[in-house]
Structure formats: C-alpha cells, structure tokens
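S.K.: Got a file for you: data28.tsv, TSV, C-alpha atoms.
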```
chain	number	residue	atom	x	y	z
A	28	MET	CA	101.12	92.28	106.11
A	29	LEU	CA	101.26	92.00	102.36
A	30	ASP	CA	104.50	90.74	100.87
A	31	LYS	CA	105.17	90.05	97.22
A	32	ALA	CA	104.13	86.38	97.30
A	33	LEU	CA	100.88	87.04	99.15
A	34	PHE	CA	100.15	89.99	96.91
A	35	LEU	CA	100.49	87.89	93.75
A	36	ARG	CA	98.29	85.14	95.20
A	37	SER	CA	95.61	87.65	96.15
A	38	VAL	CA	95.73	89.24	92.70
A	39	GLY	CA	95.03	85.76	91.32
A	40	ARG	CA	92.08	85.28	93.64
A	41	LEU	CA	90.56	88.64	92.80
A	42	THR	CA	90.95	88.30	89.04
A	43	ALA	CA	89.53	84.78	89.11
A	44	GLY	CA	86.32	86.12	90.63
A	45	ASP	CA	85.99	89.47	88.86
A	46	HIS	CA	86.23	89.70	85.09
A	47	ASP	CA	86.74	93.48	85.19
A	48	LEU	CA	89.81	93.13	87.39
A	49	ALA	CA	90.98	90.29	85.19
A	50	ARG	CA	90.72	92.68	82.24
A	51	VAL	CA	92.92	95.20	84.07
A	52	VAL	CA	95.68	92.62	84.44
A	53	LYS	CA	95.24	91.41	80.87
A	54	THR	CA	95.49	94.97	79.54
A	55	TYR	CA	98.12	96.51	81.81
A	56	GLY	CA	99.80	93.58	83.57
A	57	VAL	CA	100.07	92.90	87.30
A	58	PRO	CA	100.58	96.10	89.31
A	59	PRO	CA	103.63	96.53	91.52
A	60	LEU	CA	103.18	96.19	95.25
A	61	TRP	CA	103.55	99.91	95.87
A	62	VAL	CA	104.89	100.35	99.39
A	63	ARG	CA	106.43	103.04	101.57
A	64	GLU	CA	108.66	102.85	104.60
A	65	PRO	CA	106.70	103.13	107.85
A	66	GLY	CA	107.54	106.13	109.98
A	67	PHE	CA	107.40	109.90	110.32
A	68	PRO	CA	108.75	110.80	106.83
A	69	THR	CA	106.08	108.76	105.06
A	70	LEU	CA	103.28	110.22	107.16
A	71	VAL	CA	104.56	113.73	106.39
A	72	TYR	CA	104.65	112.83	102.69
A	73	ILE	CA	101.03	111.68	102.80
A	74	ILE	CA	100.00	114.88	104.56
A	75	LEU	CA	101.72	116.83	101.77
A	76	GLU	CA	99.70	114.82	99.23
A	77	GLN	CA	96.40	116.00	100.68
A	78	GLN	CA	94.44	117.86	98.00
A	79	VAL	CA	97.41	118.53	95.70
A	80	SER	CA	98.93	116.74	92.73
A	81	LEU	CA	101.36	113.88	93.30
A	82	ALA	CA	104.04	115.86	91.45
A	83	SER	CA	103.65	118.89	93.72
A	84	ALA	CA	103.75	116.77	96.85
A	85	ARG	CA	106.79	114.87	95.65
A	86	ALA	CA	108.68	118.10	94.85
A	87	ALA	CA	107.89	119.56	98.28
A	88	PHE	CA	108.91	116.35	99.99
A	89	GLU	CA	112.26	116.30	98.17
A	90	ARG	CA	112.90	119.89	99.27
A	91	LEU	CA	112.01	118.94	102.83
A	92	LYS	CA	114.42	116.00	102.84
A	93	ALA	CA	117.19	118.23	101.49
A	94	ALA	CA	116.54	120.74	104.28
A	95	THR	CA	116.66	118.22	107.13
A	96	LYS	CA	118.96	115.27	106.32
A	97	PRO	CA	117.67	113.05	107.84
A	98	LEU	CA	114.00	113.88	108.22
A	99	THR	CA	113.19	113.28	111.88
A	100	PRO	CA	110.60	114.94	114.13
A	101	ARG	CA	113.27	116.94	115.98
A	102	ARG	CA	114.93	118.17	112.80
A	103	PHE	CA	111.54	119.08	111.34
A	104	LEU	CA	110.74	121.18	114.40
A	105	LYS	CA	113.88	123.27	113.83
A	106	LEU	CA	112.46	124.61	110.56
A	107	THR	CA	110.67	127.95	110.78
A	108	ASP	CA	107.23	128.58	109.34
A	109	ALA	CA	108.83	130.72	106.62
A	110	GLU	CA	111.18	127.89	105.66
A	111	LEU	CA	108.30	125.41	105.52
A	112	LEU	CA	106.29	127.81	103.36
A	113	ARG	CA	109.19	127.99	100.87
A	114	ILE	CA	109.39	124.20	100.88
A	115	GLY	CA	105.73	123.93	99.97
A	116	PHE	CA	103.77	123.60	103.21
A	117	SER	CA	100.53	125.49	103.56
A	118	ARG	CA	99.79	127.13	106.90
A	119	GLN	CA	97.43	124.29	107.81
A	120	LYS	CA	99.87	121.54	106.84
A	121	THR	CA	102.61	123.29	108.81
A	122	LEU	CA	100.38	123.19	111.89
A	123	TYR	CA	99.36	119.57	111.38
A	124	THR	CA	102.89	118.34	110.87
A	125	ARG	CA	104.28	120.35	113.78
A	126	LEU	CA	101.71	118.81	116.13
A	127	LEU	CA	102.61	115.34	114.91
A	128	ALA	CA	106.35	115.99	115.17
A	129	GLU	CA	106.01	117.41	118.69
A	130	SER	CA	104.05	114.36	119.85
A	131	LEU	CA	106.66	112.00	118.43
A	132	ALA	CA	109.65	114.02	119.65
A	133	ARG	CA	108.26	114.14	123.18
A	134	ARG	CA	107.47	110.42	123.03
A	135	HIS	CA	103.77	110.99	123.65
A	136	PHE	CA	103.15	108.70	120.70
A	137	ASP	CA	105.16	106.11	118.80
A	138	LEU	CA	104.15	105.11	115.28
A	139	ARG	CA	105.51	101.62	115.95
A	140	TYR	CA	102.50	101.00	118.20
A	141	LEU	CA	100.34	100.87	115.10
A	142	HIS	CA	101.91	97.58	114.00
A	143	GLU	CA	100.28	95.84	116.96
A	144	LEU	CA	96.77	97.19	116.39
A	145	HIS	CA	93.90	96.00	114.22
A	146	ASP	CA	92.93	98.21	111.29
A	147	ASP	CA	90.12	100.11	113.01
A	148	ALA	CA	92.15	100.77	116.17
A	149	ALA	CA	95.20	101.88	114.19
A	150	ARG	CA	93.07	104.20	112.06
A	151	LYS	CA	91.40	105.65	115.15
A	152	MET	CA	94.78	106.36	116.73
A	153	LEU	CA	96.02	108.16	113.62
A	154	ILE	CA	92.94	110.32	113.09
A	155	ALA	CA	93.19	111.51	116.70
A	156	PHE	CA	95.88	113.87	115.37
A	157	LYS	CA	94.64	117.18	114.00
A	158	GLY	CA	94.93	117.19	110.22
A	159	ILE	CA	95.05	113.41	109.81
A	160	GLY	CA	91.72	112.27	108.45
A	161	ARG	CA	90.38	108.97	107.20
A	162	TRP	CA	92.13	109.24	103.80
A	163	THR	CA	95.57	109.99	105.27
A	164	ALA	CA	95.24	107.19	107.81
A	165	ASP	CA	94.07	104.70	105.19
A	166	ILE	CA	96.90	105.49	102.78
A	167	TYR	CA	99.43	105.05	105.59
A	168	LEU	CA	97.90	101.73	106.66
A	169	LEU	CA	97.72	100.52	103.07
A	170	SER	CA	101.14	101.57	101.80
A	171	ALA	CA	103.38	101.72	104.89
A	172	LEU	CA	101.91	98.98	107.07
A	173	ARG	CA	100.78	96.93	104.05
A	174	ARG	CA	97.43	96.01	105.56
A	175	PRO	CA	95.59	93.77	103.06
A	176	ASP	CA	92.00	94.99	103.52
A	177	ILE	CA	92.27	98.79	103.59
A	178	TRP	CA	89.90	100.46	101.13
A	179	PRO	CA	90.36	104.28	101.01
A	180	THR	CA	86.87	105.42	100.05
A	181	GLY	CA	87.94	109.07	100.15
A	182	ASP	CA	90.48	108.65	97.36
A	183	LEU	CA	89.34	110.46	94.22
A	184	ALA	CA	91.58	108.49	91.85
A	185	LEU	CA	90.26	105.22	93.25
A	186	ALA	CA	86.66	106.32	92.79
A	187	THR	CA	87.39	107.43	89.22
A	188	ALA	CA	89.15	104.16	88.45
A	189	VAL	CA	86.24	102.12	89.80
A	190	GLN	CA	83.87	104.14	87.64
A	191	GLU	CA	86.00	103.50	84.55
A	192	VAL	CA	86.83	99.84	85.14
A	193	LYS	CA	83.30	98.94	86.21
A	194	ARG	CA	81.76	101.17	83.50
A	195	LEU	CA	79.52	103.04	85.94
A	196	ARG	CA	77.43	106.01	84.81
A	197	LYS	CA	78.93	108.30	87.42
A	198	ARG	CA	81.77	108.33	89.89
A	199	PRO	CA	80.71	106.48	93.07
A	200	SER	CA	80.37	108.34	96.35
A	201	PRO	CA	82.41	107.12	99.33
A	202	GLU	CA	79.34	105.29	100.61
A	203	LYS	CA	78.75	103.62	97.24
A	204	LEU	CA	82.44	102.80	96.95
A	205	GLU	CA	82.29	101.06	100.33
A	206	ALA	CA	79.30	98.99	99.23
A	207	ILE	CA	80.91	98.05	95.90
A	208	SER	CA	84.01	96.74	97.68
A	209	THR	CA	82.30	93.93	99.59
A	210	PRO	CA	83.17	91.13	97.09
A	211	TRP	CA	86.88	91.98	97.33
A	212	LYS	CA	87.19	91.44	101.09
A	213	PRO	CA	89.61	90.60	102.70
A	214	TRP	CA	91.90	91.81	99.87
A	215	ARG	CA	90.53	95.28	99.20
A	216	ALA	CA	93.98	96.90	99.43
A	217	VAL	CA	95.01	94.63	96.57
A	218	ALA	CA	91.89	95.57	94.62
A	219	ALA	CA	92.74	99.24	95.22
A	220	ARG	CA	96.19	98.71	93.71
A	221	LEU	CA	94.60	97.07	90.67
A	222	PHE	CA	92.26	100.02	90.18
A	223	TRP	CA	95.06	102.57	90.68
A	224	HIS	CA	97.17	100.59	88.21
A	225	ALA	CA	94.41	100.94	85.61
A	226	TYR	CA	93.99	104.64	86.41
A	227	LEU	CA	97.69	105.44	86.09
A	228	SER	CA	98.32	103.22	83.07
A	229	LYS	CA	95.40	104.70	81.17
A	230	ARG	CA	96.88	108.16	81.72
A	231	GLY	CA	100.46	107.16	80.96
A	232	LYS	CA	101.59	107.82	84.52
A	233	ARG	CA	103.52	105.88	87.13
A	234	SER	CA	103.08	105.79	90.88
A	235	SER	CA	105.43	107.91	92.99
A	236	THR	CA	105.69	105.20	95.64
A	237	VAL	CA	108.39	102.57	95.75
A	238	SER	CA	107.65	99.10	94.44
A	239	LEU	CA	108.85	96.06	96.35
```
Represent the supplied structure as structure tokens.

M.R.:
Amino acid sequence: MLDKALFLRSVGRLTAGDHDLARVVKTYGVPPLWVREPGFPTLVYIILEQQVSLASARAAFERLKAATKPLTPRRFLKLTDAELLRIGFSRQKTLYTRLLAESLARRHFDLRYLHELHDDAARKMLIAFKGIGRWTADIYLLSALRRPDIWPTGDLALATAVQEVKRLRKRPSPEKLEAISTPWKPWRAVAARLFWHAYLSKRGKRSSTVSL
C-alpha cells in the first residue's frame, strides 16, 4: 500500500528514468498522494463519477451524505428511487448501487476482503457486481486501497494527459495506453497521479479527492 514516504520515493524513481515525468514535477511540483477512505461511501462516489463531470458527481455525493448521515448500505436502501433521482442518481446508477448495498447489508460480500487479495483477484471480485466495470474497480484499488501498480486504461483524463505529456499525435487507446505503461511498472499508480497532476494543473483545476 502506498504511503507518503513510499510515494515520494517512487516519484523519484520514475522521474529519474523518464524526462517527461521529470518535466511534470519541474513544472507543477510533486503531486499529492490523492487517496480516499476504503468502504461503501467511496465506491458509491466512484459510481457517481462514471461518465459525468467531477463537479456533478461531487455535488450529488454531498446531497447523498446529507440525506443519510452516515452513509451506510442500510441507510442507502431506505431511500426511494424518487429521492435518489433528486439527489442525482440515474436509473442505472440507482440499480447498480442498490445491488451493491443489498449485498453488503446482507453480508454476502465484505469490501474488507479486498485488502487480502492481489490486484487481479480484487478487480475480478469488484467487477462481478453489475455496474462496476474495469474503470470503477481500478479507481477504487488505486485511490482507496492505494495499490501501487494500478493503471486505469479506461480513464479519459489519463489518456489525454499521456498524449499531452508525451507529445503524441493522438490520444492513445486503452490498448496503447497499456503498452505505453510498461516502463513505469511496478509504480504505474504513481505515474497515473503524475499525469493527472499535469492534466489538472494545466487546466487550473484541483482533484476532488483527499490528499494524505
């Protein structure tokens, strides 16, 4: 699991071997170790982030927290579909999150099990849930479980950042993004944070996640 000390050491290793990443740090500084608390609320937040802006997802998540206090699977299940729609859930996201909440509330699944699994096994367990795909699982593993070698190839901002930092002619496909990442193993989650840092800084934005 990445902590602040290991994160800083891995940033040093990556920038020593990649002049483009070194330029990111020289231009924008070292990125924060953006992390989220593991558990149901964070997974719901990531589901809300699917295919919408970070600002929209954050606003919906704040409304959800205000409606539950605290946000637990059982409290979530007490909300009606109409209430969730007003909060900002689409019909599909309502279904996905209800299925997840029901599984957790009935103890059919415990997110704490993921801590004991290797990356591929943990990802496979997450994507077994309807509505949780590779991107959602990867973002959870990267930000909540702080796995050091997660590389979310389905992330549009990451692909755009790689294109810009590496000065590519076009935005890389997920397959190309996977191939490009080989030199950054086993610290690809750190490389991802460097690229996101460049992407956000260039656009005058800040991450919505909490820095350590």

S.K.: Please, what distance in Å, to one decimal, runs between atom CA of A:Asp47 and atom CA of A:Thr209?

M.R.: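 That distance, rounded to one decimal, is 15.1 Å.
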
S.K.: Go ahead and compute the interatomic distance for atom CA of A:Leu60 and atom CA of A:Leu29, in Å to one decimal.

M.R.: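 Atom-to-atom, atom CA of A:Leu60 to atom CA of A:Leu29, that is 8.5 Å.
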
S.K.: When distances are computed from only C-alpha atoms, which of A:Lys232, A:Lys151, A:Arg90, A:Arg173 shows the smallest separation from A:Asp30?

M.R.: A:Arg173

S.K.: For stretch 51-55 of chain A, please output as a ChimeraX atom specification all residues within 9 Å (counting only C-alpha atoms; exclusion window: fewer than 2 positions along the same chain).

M.R.: /A:38,42,46-49,57-58,192,221-222,224-225,228-229

S.K.: Write the residues of the selection above to a file with C-alpha atoms, as a PDB file, keeping the file's coordinate frame.

M.R.:
```
ATOM      1  CA  VAL A  38      95.730  89.240  92.700  1.00  0.00           C
ATOM      2  CA  THR A  42      90.950  88.300  89.040  1.00  0.00           C
ATOM      3  CA  HIS A  46      86.230  89.700  85.090  1.00  0.00           C
ATOM      4  CA  ASP A  47      86.740  93.480  85.190  1.00  0.00           C
ATOM      5  CA  LEU A  48      89.810  93.130  87.390  1.00  0.00           C
ATOM      6  CA  ALA A  49      90.980  90.290  85.190  1.00  0.00           C
ATOM      7  CA  VAL A  57     100.070  92.900  87.300  1.00  0.00           C
ATOM      8  CA  PRO A  58     100.580  96.100  89.310  1.00  0.00           C
ATOM      9  CA  VAL A 192      86.830  99.840  85.140  1.00  0.00           C
ATOM     10  CA  LEU A 221      94.600  97.070  90.670  1.00  0.00           C
ATOM     11  CA  PHE A 222      92.260 100.020  90.180  1.00  0.00           C
ATOM     12  CA  HIS A 224      97.170 100.590  88.210  1.00  0.00           C
ATOM     13  CA  ALA A 225      94.410 100.940  85.610  1.00  0.00           C
ATOM     14  CA  SER A 228      98.320 103.220  83.070  1.00  0.00           C
ATOM     15  CA  LYS A 229      95.400 104.700  81.170  1.00  0.00           C
TER      16      LYS A 229
END
```

S.K.: Give me, as JSON lines, each residue of stretch 83-198 of chain A that comes within 6 Å of stretch 212-216 of chain A, together with its shortest interatomic pair and the distance in Å at one decimal, counting only C-alpha atoms, with rows ordered by chain and rising residue number.

M.R.:
```
{"residue": "A:Pro175", "atom": "CA", "partner": "A:Ala216", "partner_atom": "CA", "distance": 5.1}
{"residue": "A:Asp176", "atom": "CA", "partner": "A:Arg215", "partner_atom": "CA", "distance": 4.6}
{"residue": "A:Ile177", "atom": "CA", "partner": "A:Ala216", "partner_atom": "CA", "distance": 4.9}
{"residue": "A:Trp178", "atom": "CA", "partner": "A:Arg215", "partner_atom": "CA", "distance": 5.6}
```

S.K.: Quick one, how far is atom CA of A:Leu168 from atom CA of A:Leu144?

M.R.: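 So the two atoms, atom CA of A:Leu168 and atom CA of A:Leu144, lie 10.8 Å apart.
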
S.K.: Let me make sure I understand: among A:Ala171, A:Leu81, A:Ala149, A:Ala109, which one has the smallest atom-to-atom distance to A:Gly66 if we use all atoms listed in the file?

M.R.: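 Looking at the shortest contact to A:Gly66, the residue is A:Ala171.
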
S.K.: In terms of the shortest atom-to-atom distance over only C-alpha atoms, which of A:Pro65, A:Pro179, A:Gly39, A:Gly56 is closest to A:Arg139?

M.R.: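 Among the listed residues, A:Pro65 lies closest to A:Arg139.
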
S.K.: Output: stretch 207-227 of chain A of the preceding structure, restricted to C-alpha atoms, written as a PDB file, in the first residue's frame.

M.R.:
```
ATOM      1  CA  ILE A 207       2.996   2.652 -23.023  1.00  0.00           C
ATOM      2  CA  SER A 208       2.865   1.981 -19.278  1.00  0.00           C
ATOM      3  CA  THR A 209       5.351  -0.897 -19.236  1.00  0.00           C
ATOM      4  CA  PRO A 210       8.425   1.199 -18.242  1.00  0.00           C
ATOM      5  CA  TRP A 211       6.589   2.540 -15.176  1.00  0.00           C
ATOM      6  CA  LYS A 212       5.914  -0.860 -13.583  1.00  0.00           C
ATOM      7  CA  PRO A 213       5.578  -1.554 -10.651  1.00  0.00           C
ATOM      8  CA  TRP A 214       4.685   2.098  -9.901  1.00  0.00           C
ATOM      9  CA  ARG A 215       2.051   2.802 -12.526  1.00  0.00           C
ATOM     10  CA  ALA A 216      -0.421   4.186  -9.964  1.00  0.00           C
ATOM     11  CA  VAL A 217       2.227   6.770  -9.116  1.00  0.00           C
ATOM     12  CA  ALA A 218       2.747   7.534 -12.798  1.00  0.00           C
ATOM     13  CA  ALA A 219      -1.024   7.959 -13.148  1.00  0.00           C
ATOM     14  CA  ARG A 220      -1.015  10.539 -10.360  1.00  0.00           C
ATOM     15  CA  LEU A 221       1.802  12.414 -12.103  1.00  0.00           C
ATOM     16  CA  PHE A 222      -0.156  12.501 -15.364  1.00  0.00           C
ATOM     17  CA  TRP A 223      -3.379  13.555 -13.620  1.00  0.00           C
ATOM     18  CA  HIS A 224      -1.409  16.243 -11.796  1.00  0.00           C
ATOM     19  CA  ALA A 225      -0.245  17.625 -15.150  1.00  0.00           C
ATOM     20  CA  TYR A 226      -3.762  17.400 -16.582  1.00  0.00           C
ATOM     21  CA  LEU A 227      -5.389  19.231 -13.667  1.00  0.00           C
TER      22      LEU A 227
END
```
